[in-house]
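Peer 1: Below is the file coords.cif, which contains mmCIF, C-alpha atoms.
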data_query
#
loop_
_atom_site.label_atom_id
_atom_site.label_comp_id
_atom_site.auth_asym_id
_atom_site.auth_seq_id
_atom_site.Cartn_x
_atom_site.Cartn_y
_atom_site.Cartn_z
CA MET M 1 8.52 7.12 -22.14
CA ALA M 2 7.74 8.14 -18.58
CA LYS M 3 9.45 6.11 -15.91
CA LEU M 4 8.47 5.12 -12.40
CA GLN M 5 10.69 5.81 -9.43
CA VAL M 6 10.52 2.64 -7.35
CA GLU M 7 11.46 2.63 -3.69
CA LEU M 8 11.34 -0.52 -1.60
CA VAL M 9 11.92 0.17 2.07
CA THR M 10 11.71 -1.90 5.24
CA ALA M 11 11.97 -0.77 8.84
CA GLU M 12 15.68 -1.66 8.66
CA GLY M 13 16.50 0.31 5.59
CA ARG M 14 16.14 0.87 1.88
CA ILE M 15 16.36 -2.31 -0.15
CA LEU M 16 15.89 -0.94 -3.63
CA SER M 17 15.70 2.46 -5.24
CA GLU M 18 15.46 2.37 -9.01
CA GLU M 19 13.82 3.67 -12.11
CA ALA M 20 11.47 1.23 -13.74
CA ASP M 21 8.79 0.96 -16.37
CA PHE M 22 6.81 -1.84 -14.82
CA VAL M 23 6.20 -3.12 -11.29
CA LEU M 24 4.34 -6.26 -10.29
CA ALA M 25 3.27 -6.60 -6.66
CA PRO M 26 1.12 -9.04 -4.67
CA GLY M 27 -1.79 -6.92 -3.43
CA VAL M 28 -4.24 -8.38 -0.92
CA GLU M 29 -6.94 -8.33 -3.59
CA GLY M 30 -4.72 -9.94 -6.21
CA ASP M 31 -1.49 -9.27 -8.05
CA LEU M 32 -1.11 -5.74 -9.33
CA GLY M 33 0.79 -4.59 -12.37
CA VAL M 34 1.73 -0.94 -12.28
CA LEU M 35 2.77 1.14 -15.29
CA PRO M 36 3.76 4.82 -15.27
CA ASN M 37 0.85 7.26 -14.86
CA HIS M 38 -1.20 4.81 -12.85
CA ILE M 39 -3.85 6.51 -10.70
CA PRO M 40 -2.81 7.02 -7.04
CA LEU M 41 -3.47 3.84 -5.11
CA LEU M 42 -2.90 2.43 -1.66
CA THR M 43 -3.17 -1.23 -0.76
CA PRO M 44 -1.77 -3.71 1.74
CA LEU M 45 0.38 -6.49 0.29
CA ARG M 46 0.40 -10.24 0.77
CA THR M 47 3.53 -12.32 1.16
CA GLY M 48 4.92 -12.86 -2.30
CA GLU M 49 7.16 -11.74 -5.12
CA VAL M 50 7.69 -8.22 -6.34
CA MET M 51 9.02 -7.80 -9.84
CA VAL M 52 10.58 -4.56 -11.00
CA ARG M 53 11.36 -4.24 -14.71
CA ASN M 54 13.46 -1.55 -16.27
CA GLY M 55 14.02 -2.14 -19.98
CA GLU M 56 15.77 -5.49 -20.16
CA ALA M 57 16.81 -5.50 -16.51
CA GLU M 58 14.62 -7.21 -13.98
CA HIS M 59 14.69 -7.41 -10.22
CA ILE M 60 12.77 -10.04 -8.35
CA LEU M 61 12.27 -9.58 -4.65
CA PHE M 62 10.57 -11.41 -1.89
CA VAL M 63 8.30 -9.42 0.41
CA ALA M 64 6.56 -10.70 3.53
CA GLY M 65 3.55 -8.40 3.54
CA GLY M 66 3.48 -4.64 3.68
CA PHE M 67 2.05 -1.73 1.72
CA LEU M 68 2.04 -0.44 -1.79
CA GLU M 69 1.69 3.25 -2.48
CA VAL M 70 1.31 4.22 -6.11
CA LEU M 71 1.63 7.76 -7.45
CA PRO M 72 1.71 8.58 -11.18
CA ASP M 73 5.52 8.79 -11.24
CA LYS M 74 6.44 6.92 -8.09
CA VAL M 75 5.89 3.54 -6.47
CA THR M 76 6.73 3.03 -2.81
CA ILE M 77 6.66 -0.41 -1.25
CA LEU M 78 6.74 -0.54 2.53
CA ALA M 79 7.67 -4.13 3.22
CA ASP M 80 7.56 -5.93 6.58
CA ALA M 81 10.56 -7.88 5.37
CA ALA M 82 12.16 -8.02 1.97
CA GLU M 83 15.03 -9.75 0.24
CA ARG M 84 16.45 -9.45 -3.22
CA ALA M 85 16.34 -12.71 -5.06
CA GLU M 86 20.10 -12.66 -5.52
CA ASP M 87 20.53 -12.30 -1.75
CA ILE M 88 18.27 -15.13 -0.76
CA ASP M 89 20.36 -17.80 0.80
CA GLU M 90 18.93 -20.96 -0.66
CA ALA M 91 20.48 -23.25 1.89
CA ARG M 92 18.96 -21.20 4.67
CA ALA M 93 15.57 -21.14 2.99
CA GLU M 94 15.74 -24.89 2.48
CA GLU M 95 16.66 -25.44 6.09
CA SER M 96 13.84 -23.30 7.41
CA ARG M 97 11.41 -25.13 5.13
CA LYS M 98 12.52 -28.44 6.64
CA ARG M 99 12.13 -27.06 10.11
CA ALA M 100 8.64 -25.86 9.31
CA GLN M 101 7.67 -29.26 7.94
CA GLU M 102 8.94 -30.96 11.07
CA LEU M 103 6.92 -28.58 13.16
CA LEU M 104 3.86 -29.30 11.06
CA ALA M 105 4.41 -33.01 11.51
CA GLN M 106 4.51 -32.56 15.25
CA ASP M 107 1.23 -30.70 15.06
CA ILE M 108 2.24 -28.05 17.55
CA GLY M 109 1.85 -24.38 16.76
CA ASN M 110 0.26 -25.39 13.50
CA TYR M 111 -0.63 -21.94 12.31
CA GLU M 112 2.81 -20.45 12.90
CA ALA M 113 4.47 -23.40 11.23
CA SER M 114 2.27 -23.27 8.15
CA LEU M 115 3.08 -19.57 7.80
CA ALA M 116 6.78 -20.31 8.10
CA LEU M 117 6.47 -23.07 5.52
CA GLU M 118 4.69 -20.75 3.14
CA ARG M 119 7.41 -18.13 3.53
CA ALA M 120 10.21 -20.62 3.08
CA GLU M 121 8.66 -22.06 -0.06
CA LEU M 122 8.23 -18.61 -1.50
CA ARG M 123 11.84 -17.73 -0.87
CA LEU M 124 12.92 -20.87 -2.67
CA ARG M 125 10.59 -20.18 -5.57
CA VAL M 126 11.85 -16.64 -5.94
CA ALA M 127 15.43 -17.85 -5.94
CA ASP M 128 14.50 -20.52 -8.46
CA VAL M 129 12.76 -18.17 -10.87
CA ARG M 130 15.78 -15.94 -10.80
CA ARG M 131 18.16 -18.77 -11.48
CA ARG M 132 16.24 -20.04 -14.47
CA ARG M 133 16.04 -16.59 -16.02
CA HIS M 134 19.54 -15.50 -15.36
CA GLY M 135 21.35 -18.81 -15.50
CA GLY M 136 22.87 -18.44 -12.06
CA HIS M 137 24.60 -21.17 -10.15
CA PRO M 138 22.71 -24.29 -9.19
CA PRO M 139 22.50 -24.73 -5.43
CA ALA M 140 25.66 -26.25 -4.01
CA GLN M 141 24.97 -29.78 -2.88
CA MET Y 1 55.24 8.62 52.84
CA PRO Y 2 54.30 5.67 50.62
CA SER Y 3 57.18 3.55 49.47
CA LEU Y 4 58.54 3.93 45.97
CA ARG Y 5 57.64 0.35 45.14
CA ASP Y 6 54.00 0.84 46.12
CA LEU Y 7 53.78 3.98 44.06
CA ARG Y 8 55.21 2.28 41.00
CA ARG Y 9 52.75 -0.58 41.39
CA ARG Y 10 49.82 1.81 41.57
CA ILE Y 11 51.01 3.67 38.49
CA LYS Y 12 51.12 0.36 36.59
CA GLY Y 13 47.62 -0.46 37.81
CA VAL Y 14 46.12 2.84 36.72
CA GLN Y 15 47.90 2.59 33.38
CA ASN Y 16 46.25 -0.77 32.79
CA MET Y 17 42.86 0.72 33.63
CA ARG Y 18 43.45 3.53 31.19
CA LYS Y 19 44.23 1.01 28.45
CA ILE Y 20 40.84 -0.59 29.01
CA THR Y 21 38.83 2.63 29.16
CA LYS Y 22 40.64 3.93 26.12
CA ALA Y 23 39.79 0.79 24.17
CA MET Y 24 36.17 0.95 25.29
CA GLU Y 25 36.01 4.57 24.18
CA LEU Y 26 37.20 3.68 20.70
CA VAL Y 27 34.86 0.72 20.41
CA ALA Y 28 31.91 2.83 21.57
CA ALA Y 29 32.76 5.51 19.03
CA ALA Y 30 32.74 3.00 16.18
CA ARG Y 31 29.52 1.43 17.40
CA MET Y 32 27.88 4.80 17.79
CA ARG Y 33 28.57 5.62 14.16
CA ARG Y 34 27.00 2.38 13.04
CA ALA Y 35 24.04 2.87 15.37
CA GLN Y 36 23.46 6.32 13.92
CA GLU Y 37 23.50 4.87 10.43
CA ARG Y 38 20.83 2.41 11.46
CA VAL Y 39 18.68 5.20 12.84
CA LEU Y 40 19.01 7.02 9.52
CA ALA Y 41 18.29 3.86 7.52
CA ALA Y 42 15.05 3.35 9.43
CA ARG Y 43 13.85 6.85 8.66
CA PRO Y 44 12.40 6.44 5.13
CA TYR Y 45 10.08 3.68 6.34
CA SER Y 46 8.68 5.52 9.34
CA ASP Y 47 8.40 8.82 7.45
CA GLU Y 48 6.50 7.13 4.67
CA ILE Y 49 4.13 5.39 7.09
CA ALA Y 50 3.55 8.66 8.92
CA SER Y 51 2.71 10.52 5.73
CA ILE Y 52 0.29 7.84 4.53
CA MET Y 53 -1.34 7.87 7.94
CA THR Y 54 -1.74 11.61 7.99
CA GLU Y 55 -3.38 11.37 4.59
CA LEU Y 56 -5.71 8.59 5.71
CA MET Y 57 -6.76 10.27 8.93
CA ARG Y 58 -7.56 13.44 7.03
CA ARG Y 59 -9.53 11.43 4.49
CA SER Y 60 -11.75 9.49 6.85
CA PRO Y 61 -11.89 11.32 10.18
CA GLN Y 62 -15.16 9.60 11.12
CA TYR Y 63 -13.52 6.18 11.25
CA GLN Y 64 -12.22 5.39 14.71
CA HIS Y 65 -9.78 2.52 14.89
CA PRO Y 66 -9.34 1.34 18.50
CA TYR Y 67 -5.77 2.69 18.47
CA LEU Y 68 -7.14 6.17 17.80
CA GLN Y 69 -9.81 6.20 20.50
CA VAL Y 70 -9.03 8.11 23.64
CA ARG Y 71 -10.68 6.29 26.55
CA PRO Y 72 -10.66 6.99 30.27
CA VAL Y 73 -7.40 5.61 31.59
CA GLU Y 74 -7.69 3.01 34.34
CA LYS Y 75 -4.32 1.41 33.83
CA ARG Y 76 -1.20 2.38 31.94
CA LEU Y 77 1.68 0.56 30.41
CA ILE Y 78 5.20 1.89 30.00
CA ILE Y 79 7.67 0.38 27.58
CA LEU Y 80 11.07 1.00 29.17
CA VAL Y 81 13.99 0.95 26.78
CA THR Y 82 17.51 0.72 28.25
CA GLY Y 83 20.83 -0.82 27.33
CA ASP Y 84 21.94 -4.29 28.33
CA ARG Y 85 25.23 -3.08 29.74
CA GLY Y 86 26.42 -0.41 32.11
CA LEU Y 87 29.48 1.82 32.03
CA CYS Y 88 27.63 4.40 30.01
CA GLY Y 89 27.21 7.20 32.51
CA ALA Y 90 23.75 7.91 33.88
CA LEU Y 91 21.92 6.93 30.71
CA ASN Y 92 20.24 3.76 31.93
CA SER Y 93 19.38 5.10 35.34
CA ASN Y 94 18.00 8.31 33.82
CA ASN Y 95 15.61 6.30 31.66
CA THR Y 96 14.59 4.05 34.52
CA ARG Y 97 14.13 6.95 36.89
CA LEU Y 98 11.95 8.83 34.41
CA ALA Y 99 9.71 5.77 34.00
CA VAL Y 100 9.44 5.06 37.71
CA ARG Y 101 8.79 8.70 38.55
CA GLU Y 102 6.09 8.90 35.89
CA ALA Y 103 4.49 5.85 37.48
CA ALA Y 104 4.73 7.37 40.95
CA GLN Y 105 2.99 10.53 39.80
CA SER Y 106 0.31 8.64 37.93
CA THR Y 107 -3.03 8.15 39.65
CA VAL Y 108 -3.60 4.78 38.01
CA PRO Y 109 -1.61 1.56 38.26
CA VAL Y 110 1.25 1.13 35.80
CA SER Y 111 2.68 -2.04 34.33
CA TYR Y 112 5.94 -2.37 32.41
CA VAL Y 113 7.37 -3.99 29.35
CA THR Y 114 11.15 -3.73 29.31
CA ILE Y 115 13.56 -3.82 26.41
CA GLY Y 116 17.08 -3.95 27.82
CA ARG Y 117 18.59 -5.76 30.78
CA ARG Y 118 19.47 -2.72 32.88
CA GLY Y 119 15.89 -1.44 33.08
CA ARG Y 120 14.49 -4.92 33.55
CA ASP Y 121 16.70 -5.63 36.56
CA VAL Y 122 15.66 -2.44 38.32
CA ILE Y 123 11.96 -2.95 37.64
CA ARG Y 124 12.25 -6.49 38.94
CA ARG Y 125 14.14 -5.40 42.03
CA LEU Y 126 11.48 -2.81 42.78
CA HIS Y 127 8.82 -5.52 42.41
CA ARG Y 128 6.87 -3.58 39.82
CA ASP Y 129 4.37 -5.20 37.54
CA LEU Y 130 6.64 -6.47 34.76
CA ILE Y 131 4.59 -8.02 31.98
CA ALA Y 132 7.18 -8.83 29.38
CA ASP Y 133 10.86 -8.42 28.72
CA GLN Y 134 12.89 -8.51 25.54
CA SER Y 135 16.52 -8.07 26.48
CA MET Y 136 19.96 -8.97 25.20
CA LEU Y 137 19.17 -7.90 21.67
CA GLY Y 138 22.78 -7.08 20.97
CA ASP Y 139 24.10 -4.26 18.88
CA ARG Y 140 22.03 -4.72 15.79
CA PRO Y 141 18.44 -5.20 16.83
CA THR Y 142 16.19 -6.04 13.89
CA MET Y 143 12.51 -5.28 13.70
CA GLY Y 144 11.94 -8.97 14.39
CA ASP Y 145 13.88 -8.73 17.66
CA VAL Y 146 11.82 -5.84 18.92
CA LEU Y 147 8.45 -7.03 17.67
CA PRO Y 148 7.57 -9.50 20.46
CA ALA Y 149 7.77 -6.78 23.10
CA ALA Y 150 5.72 -4.37 21.01
CA ARG Y 151 3.15 -7.08 20.35
CA VAL Y 152 2.70 -7.84 24.04
CA ALA Y 153 2.06 -4.17 24.73
CA MET Y 154 -0.40 -3.89 21.86
CA GLU Y 155 -2.25 -6.99 22.98
CA GLN Y 156 -2.59 -5.50 26.45
CA PHE Y 157 -4.25 -2.51 24.89
CA GLU Y 158 -6.47 -4.51 22.55
CA SER Y 159 -7.74 -6.72 25.36
CA GLY Y 160 -8.70 -3.61 27.33
CA GLU Y 161 -6.18 -4.37 30.06
CA VAL Y 162 -4.54 -0.96 29.67
CA GLN Y 163 -5.81 2.23 28.06
CA GLN Y 164 -2.59 4.07 27.45
CA ILE Y 165 0.89 3.07 26.35
CA ASP Y 166 4.01 5.23 26.57
CA ILE Y 167 7.61 4.50 25.74
CA VAL Y 168 10.67 5.74 27.62
CA TYR Y 169 14.00 5.92 25.81
CA ALA Y 170 17.07 8.12 25.55
CA ARG Y 171 16.64 10.60 22.73
CA PHE Y 172 19.80 11.30 20.79
CA ILE Y 173 20.21 15.08 20.76
CA SER Y 174 23.93 15.23 20.03
CA VAL Y 175 27.01 13.16 20.71
CA GLY Y 176 27.39 15.04 23.97
CA ARG Y 177 23.73 15.10 24.95
CA GLN Y 178 21.11 12.40 25.38
CA GLN Y 179 17.76 13.04 26.95
CA ALA Y 180 15.52 10.50 28.68
CA THR Y 181 12.17 10.99 26.96
CA LEU Y 182 8.63 9.78 27.53
CA GLN Y 183 6.56 9.47 24.39
CA ARG Y 184 2.95 8.46 23.79
CA VAL Y 185 2.49 5.33 21.70
CA ILE Y 186 -1.20 4.46 21.98
CA PRO Y 187 -3.71 6.15 21.62
CA VAL Y 188 -1.96 7.14 18.42
CA GLU Y 189 -1.63 10.85 17.92
CA ALA Y 190 -1.51 12.18 14.40
CA PRO Y 191 2.11 12.79 13.51
CA GLU Y 192 2.62 16.55 13.46
CA ASP Y 193 5.52 17.10 11.15
CA ALA Y 194 4.59 14.53 8.52
CA LYS Y 195 3.90 15.93 5.11
CA ALA Y 196 0.70 14.49 3.73
CA VAL Y 197 0.77 13.21 0.18
CA SER Y 198 -1.96 15.17 -1.47
CA ALA Y 199 -3.30 12.92 -4.17
CA ASP Y 200 -6.69 11.40 -4.75
CA PHE Y 201 -5.95 7.87 -3.71
CA GLU Y 202 -7.85 4.78 -4.63
CA TYR Y 203 -7.93 2.31 -1.77
CA GLU Y 204 -7.95 -1.38 -2.17
CA PRO Y 205 -10.05 -2.81 -0.55
CA ASP Y 206 -11.07 0.46 1.21
CA PRO Y 207 -9.57 3.17 3.45
CA LYS Y 208 -10.68 1.41 6.61
CA ASP Y 209 -8.79 -1.79 5.78
CA VAL Y 210 -5.70 0.12 4.79
CA LEU Y 211 -5.73 2.05 8.07
CA ASP Y 212 -6.34 -1.18 10.01
CA ALA Y 213 -3.23 -2.67 8.47
CA LEU Y 214 -1.24 0.52 8.79
CA LEU Y 215 -1.76 1.46 12.45
CA PRO Y 216 -0.12 -1.57 14.08
CA ARG Y 217 2.87 -1.09 11.78
CA TYR Y 218 3.07 2.55 12.69
CA VAL Y 219 3.18 1.64 16.37
CA GLU Y 220 5.79 -1.05 15.75
CA ALA Y 221 7.91 1.35 13.73
CA GLN Y 222 7.76 3.86 16.58
CA VAL Y 223 8.94 1.30 19.10
CA TYR Y 224 11.68 0.10 16.78
CA ARG Y 225 12.88 3.64 16.18
CA ALA Y 226 13.00 4.28 19.93
CA VAL Y 227 15.14 1.16 20.41
CA LEU Y 228 17.53 2.17 17.63
CA GLU Y 229 17.84 5.70 18.91
CA ASN Y 230 18.41 4.50 22.43
CA GLY Y 231 21.18 2.28 21.09
CA ALA Y 232 22.92 5.25 19.48
CA SER Y 233 22.50 7.27 22.68
CA GLU Y 234 23.92 4.44 24.76
CA GLN Y 235 27.07 4.24 22.67
CA ALA Y 236 27.50 8.02 22.71
CA ALA Y 237 27.10 8.08 26.49
CA ARG Y 238 29.55 5.22 26.88
CA MET Y 239 32.07 6.92 24.66
CA LEU Y 240 31.88 10.06 26.76
CA ALA Y 241 31.99 8.23 30.07
CA MET Y 242 35.03 6.29 28.95
CA ARG Y 243 36.77 9.39 27.67
CA ASN Y 244 36.28 11.01 31.07
CA ALA Y 245 37.57 7.89 32.77
CA SER Y 246 40.68 7.88 30.56
CA ASP Y 247 41.30 11.55 31.26
CA ASN Y 248 40.96 11.00 34.99
CA ALA Y 249 43.34 8.08 34.80
CA SER Y 250 45.91 10.23 32.99
CA GLU Y 251 45.65 12.90 35.63
CA PHE Y 252 46.01 10.33 38.36
CA ILE Y 253 49.07 8.83 36.69
CA ASP Y 254 50.68 12.29 36.50
CA ASP Y 255 50.03 12.90 40.21
CA LEU Y 256 51.41 9.53 41.19
CA THR Y 257 54.47 9.96 38.98
CA LEU Y 258 55.21 13.30 40.60
CA THR Y 259 54.96 11.81 44.08
CA ALA Y 260 57.10 8.86 43.03
CA ASN Y 261 59.80 11.18 41.71
CA LYS Y 262 59.79 13.20 44.91
CA VAL Y 263 60.14 10.06 47.00
CA ARG Y 264 62.96 8.82 44.80
CA GLN Y 265 64.79 12.15 45.01
CA ALA Y 266 64.32 12.34 48.76
CA SER Y 267 65.85 8.91 49.21
CA ILE Y 268 68.81 9.76 46.95
CA THR Y 269 69.39 12.96 48.92
CA THR Y 270 69.30 11.07 52.19
CA GLU Y 271 71.75 8.49 50.91
CA LEU Y 272 74.14 11.17 49.68
CA MET Y 273 73.99 12.93 53.03
CA GLU Y 274 74.80 9.68 54.77
CA ILE Y 275 77.79 8.99 52.51
CA VAL Y 276 79.13 12.54 52.82
CA SER Y 277 78.75 12.63 56.59
CA GLY Y 278 80.29 9.13 56.86
CA ALA Y 279 83.33 10.26 54.82
CA ALA Y 280 83.67 13.44 56.91
CA ALA Y 281 83.65 11.36 60.09
CA LEU Y 282 86.47 9.14 58.76
CA GLU Y 283 88.66 12.07 57.71
CA GLY Y 284 88.20 13.75 61.05
#
Output the file's structure as structure tokens, nothing else.

Peer 2:
Amino acid sequence: MAKLQVELVTAEGRILSEEADFVLAPGVEGDLGVLPNHIPLLTPLRTGEVMVRNGEAEHILFVAGGFLEVLPDKVTILADAAERAEDIDEARAEESRKRAQELLAQDIGNYEASLALERAELRLRVADVRRRRHGGHPPAQ
Amino acid sequence: MPSLRDLRRRIKGVQNMRKITKAMELVAAARMRRAQERVLAARPYSDEIASIMTELMRRSPQYQHPYLQVRPVEKRLIILVTGDRGLCGALNSNNTRLAVREAAQSTVPVSYVTIGRRGRDVIRRLHRDLIADQSMLGDRPTMGDVLPAARVAMEQFESGEVQQIDIVYARFISVGRQQATLQRVIPVEAPEDAKAVSADFEYEPDPKDVLDALLPRYVEAQVYRAVLENGASEQAARMLAMRNASDNASEFIDDLTLTANKVRQASITTELMEIVSGAAALEG
């Protein structure tokens, strides 16, 4: 079966370059599932999870907004920021979530803080999903 | 004639200096390599954005995002990129001079946003209109480090405060050559060398929204690339400056050693003469 060439790049560099047969991405209009031979498509992305599946192997990544460009044999994701689930430092995510909640409680810079909270929670969720599926290590306490 | 002791002390001093410049040269060489890698790593992103943009602008030429509109210029803004540290030849002052000269030749007032301590200090000393500064980014600036400065500039444009934004940075031509360069940022010019993806795209929600989201990122990517490239140029310039300094030190050491040897020999000769003539006087 035809495969998709998936490239995930940020301004700092290439995060992922793989073959895949299915990609799930958080488009602004809703989550998008892309299979090979999809019609060419361009859309901005929300903050969320990107899932790249190749046979049995799966990658889950966190993206903080960006773009999705789909060609019949190629998917390019231009992310504002991206992390592989296995790279997400849970302790750091947890810490930044706490900080965001404190900021929210203080009611200063509410908008910024709620964005930060949203991002932190997403990072944790992505890490969590990965752990459940792949039986990784529980967070060190 | 300087005394032998003084000469030896100076040789020691210059040798110590050469140790430092030599070390700085090696460090700069290593950092330059890493900086070049970062420039290369950033390329896929900016190339991809450029090609999507070319495609979009071809597709809907009637749509005029503010960033694409050319308006009469009443005020300009220059983003001045320099290093945070000196000892890198004329690199920082070349950038700063290019920016200040451009402002002097301009018929409209110019304000500045600086990235890098060296440029900031000069602009401040000259009492120019410095709007924002984002310095001390270190060796590995991330997009997030550079973004605040880019945002300030973009906001100035969006609020109608300025009508044109340029960026000054040192272009990396080769290890031996860096060129202070002025480049237009806004109004955005269609990238020339980008290859357009020729496919019949669907847009979600529509081309206008995609372009709206794309343009600020294109501008940010341009600024980020300039900062990365300037970083590589800075390290290359420092490496070269330090190599020259080390070479000069070596030459100086050779000169001093020669003089020291002459002085030493002269004093030995004099002593011998004294002994010989003393002995001759006794025999006589």

Peer 1: Around (9.9, -5.9, 14.8), as given in the file, which residues come within 12 Å? Count only C-alpha atoms and list them as an MDAnalysis selection string.

Peer 2: (chainID M and resid 10:12 79:81) or (chainID Y and resid 42 134 137 141:152 216:228)

Peer 1: What residues in chain M have any atom no more than 8 Å from chain Y when counting all atoms listed in the file, and can you write them as a list in words?

Peer 2: Val9, Thr10, Ala11, Glu12, Gly13, Arg14, Glu29, Ile39, Pro40, Leu41, Leu42, Thr43, Pro44, Leu71 and Leu78 of chain M

Peer 1: As an exercise, work out the distance from atom CA of Y:Asn95 to atom CA of Y:Gln69 in Å and give it to one decimal place.

Peer 2: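 The value is 27.8 Å.
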
Peer 1: Can you work out the spacing between atom CA of M:Arg123 and atom CA of Y:Arg140 in Å, to one decimal?

Peer 2: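 Computing the Euclidean distance for atom CA of M:Arg123 and atom CA of Y:Arg140 yields 23.5 Å.
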
Peer 1: Atom CA of M:Gly66 and atom CA of M:Arg131, how far apart in Å?

Peer 2: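 For atom CA of M:Arg131 relative to atom CA of M:Gly66, the distance reads 25.4 Å.
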
Peer 1: Evaluate the PyMOL selection byres ((chain M and resi 97) around 10) here and jot the selected residues down as a tab-separated table (two decimals) with C-alpha atoms, in the frame of the given file.

Peer 2:
chain	number	residue	atom	x	y	z
M	91	ALA	CA	20.48	-23.25	1.89
M	92	ARG	CA	18.96	-21.20	4.67
M	93	ALA	CA	15.57	-21.14	2.99
M	94	GLU	CA	15.74	-24.89	2.48
M	95	GLU	CA	16.66	-25.44	6.09
M	96	SER	CA	13.84	-23.30	7.41
M	98	LYS	CA	12.52	-28.44	6.64
M	99	ARG	CA	12.13	-27.06	10.11
M	100	ALA	CA	8.64	-25.86	9.31
M	101	GLN	CA	7.67	-29.26	7.94
M	102	GLU	CA	8.94	-30.96	11.07
M	103	LEU	CA	6.92	-28.58	13.16
M	113	ALA	CA	4.47	-23.40	11.23
M	114	SER	CA	2.27	-23.27	8.15
M	116	ALA	CA	6.78	-20.31	8.10
M	117	LEU	CA	6.47	-23.07	5.52
M	118	GLU	CA	4.69	-20.75	3.14
M	119	ARG	CA	7.41	-18.13	3.53
M	120	ALA	CA	10.21	-20.62	3.08
M	121	GLU	CA	8.66	-22.06	-0.06
M	122	LEU	CA	8.23	-18.61	-1.50
M	123	ARG	CA	11.84	-17.73	-0.87
M	124	LEU	CA	12.92	-20.87	-2.67

Peer 1: Show which residues sit within 7 Å of Y:Leu182, as a ChimeraX atom specification. Count all atoms listed in the file, and ignore same-chain residues fewer than 2 positions away.

Peer 2: /Y:166-169,184

Peer 1: Starting from the PyMOL selection byres ((chain Y and resi 153) around 9), expand the selection into actual residues of this file and give them as a list in words.

Peer 2: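 Output of the PyMOL selection byres ((chain Y and resi 153) around 9): Leu77, Ile78, Ile79, Tyr112, Val113, Ile131, Ala132, Pro148, Ala149, Ala150, Arg151, Val152, Met154, Glu155, Gln156, Phe157, Glu158, Val162 and Ile165 of chain Y.
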
Peer 1: Excluding stretch 51-65 of chain M and residues on its chain fewer than 2 positions from it, collect all residues at most 8 Å away from it, counting all atoms listed in the file, and give them as a VMD selection string.

Peer 2: chain M and resid 19 to 25 44 to 49 67 79 to 85 119 122 to 123 126 130

Peer 1: Tell me, as a PDB file with C-alpha atoms, in the coordinates of the input, which residues lie within 12 Å of Y:Gln15, counting all atoms listed in the file; anything in the same chain fewer than 2 positions away does not count.

Peer 2:
ATOM      1  CA  ARG Y   8      55.210   2.280  41.000  1.00  0.00           C
ATOM      2  CA  ARG Y   9      52.750  -0.580  41.390  1.00  0.00           C
ATOM      3  CA  ARG Y  10      49.820   1.810  41.570  1.00  0.00           C
ATOM      4  CA  ILE Y  11      51.010   3.670  38.490  1.00  0.00           C
ATOM      5  CA  LYS Y  12      51.120   0.360  36.590  1.00  0.00           C
ATOM      6  CA  GLY Y  13      47.620  -0.460  37.810  1.00  0.00           C
ATOM      7  CA  MET Y  17      42.860   0.720  33.630  1.00  0.00           C
ATOM      8  CA  ARG Y  18      43.450   3.530  31.190  1.00  0.00           C
ATOM      9  CA  LYS Y  19      44.230   1.010  28.450  1.00  0.00           C
ATOM     10  CA  ILE Y  20      40.840  -0.590  29.010  1.00  0.00           C
ATOM     11  CA  THR Y  21      38.830   2.630  29.160  1.00  0.00           C
ATOM     12  CA  LYS Y  22      40.640   3.930  26.120  1.00  0.00           C
ATOM     13  CA  ALA Y 245      37.570   7.890  32.770  1.00  0.00           C
ATOM     14  CA  SER Y 246      40.680   7.880  30.560  1.00  0.00           C
ATOM     15  CA  ASP Y 247      41.300  11.550  31.260  1.00  0.00           C
ATOM     16  CA  ASN Y 248      40.960  11.000  34.990  1.00  0.00           C
ATOM     17  CA  ALA Y 249      43.340   8.080  34.800  1.00  0.00           C
ATOM     18  CA  SER Y 250      45.910  10.230  32.990  1.00  0.00           C
ATOM     19  CA  GLU Y 251      45.650  12.900  35.630  1.00  0.00           C
ATOM     20  CA  PHE Y 252      46.010  10.330  38.360  1.00  0.00           C
ATOM     21  CA  ILE Y 253      49.070   8.830  36.690  1.00  0.00           C
ATOM     22  CA  ASP Y 254      50.680  12.290  36.500  1.00  0.00           C
ATOM     23  CA  LEU Y 256      51.410   9.530  41.190  1.00  0.00           C
ATOM     24  CA  THR Y 257      54.470   9.960  38.980  1.00  0.00           C
TER      25      THR Y 257
END

Peer 1: Which residue is closest to Y:Ser106? Choose from Y:Ser267, Y:Gln164, Y:Ser277, Y:Gln36 and count only C-alpha atoms.

Peer 2: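 So, comparing all the options, the nearest one is Y:Gln164.
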
Peer 1: Using the chain letters and numbers from this file, what does the PyMOL selection byres ((chain Y and resi 57-60) around 9) select? Give the answer as a PDB file with C-alpha atoms, in the frame of the given file.

Peer 2:
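Below is the file that was written, out_26.pdb:
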ATOM      1  CA  ILE Y  52       0.290   7.840   4.530  1.00  0.00           C
ATOM      2  CA  MET Y  53      -1.340   7.870   7.940  1.00  0.00           C
ATOM      3  CA  THR Y  54      -1.740  11.610   7.990  1.00  0.00           C
ATOM      4  CA  GLU Y  55      -3.380  11.370   4.590  1.00  0.00           C
ATOM      5  CA  LEU Y  56      -5.710   8.590   5.710  1.00  0.00           C
ATOM      6  CA  PRO Y  61     -11.890  11.320  10.180  1.00  0.00           C
ATOM      7  CA  GLN Y  62     -15.160   9.600  11.120  1.00  0.00           C
ATOM      8  CA  TYR Y  63     -13.520   6.180  11.250  1.00  0.00           C
ATOM      9  CA  GLN Y  64     -12.220   5.390  14.710  1.00  0.00           C
ATOM     10  CA  ALA Y 190      -1.510  12.180  14.400  1.00  0.00           C
ATOM     11  CA  ALA Y 196       0.700  14.490   3.730  1.00  0.00           C
ATOM     12  CA  PRO Y 207      -9.570   3.170   3.450  1.00  0.00           C
ATOM     13  CA  LYS Y 208     -10.680   1.410   6.610  1.00  0.00           C
ATOM     14  CA  LEU Y 211      -5.730   2.050   8.070  1.00  0.00           C
TER      15      LEU Y 211
END
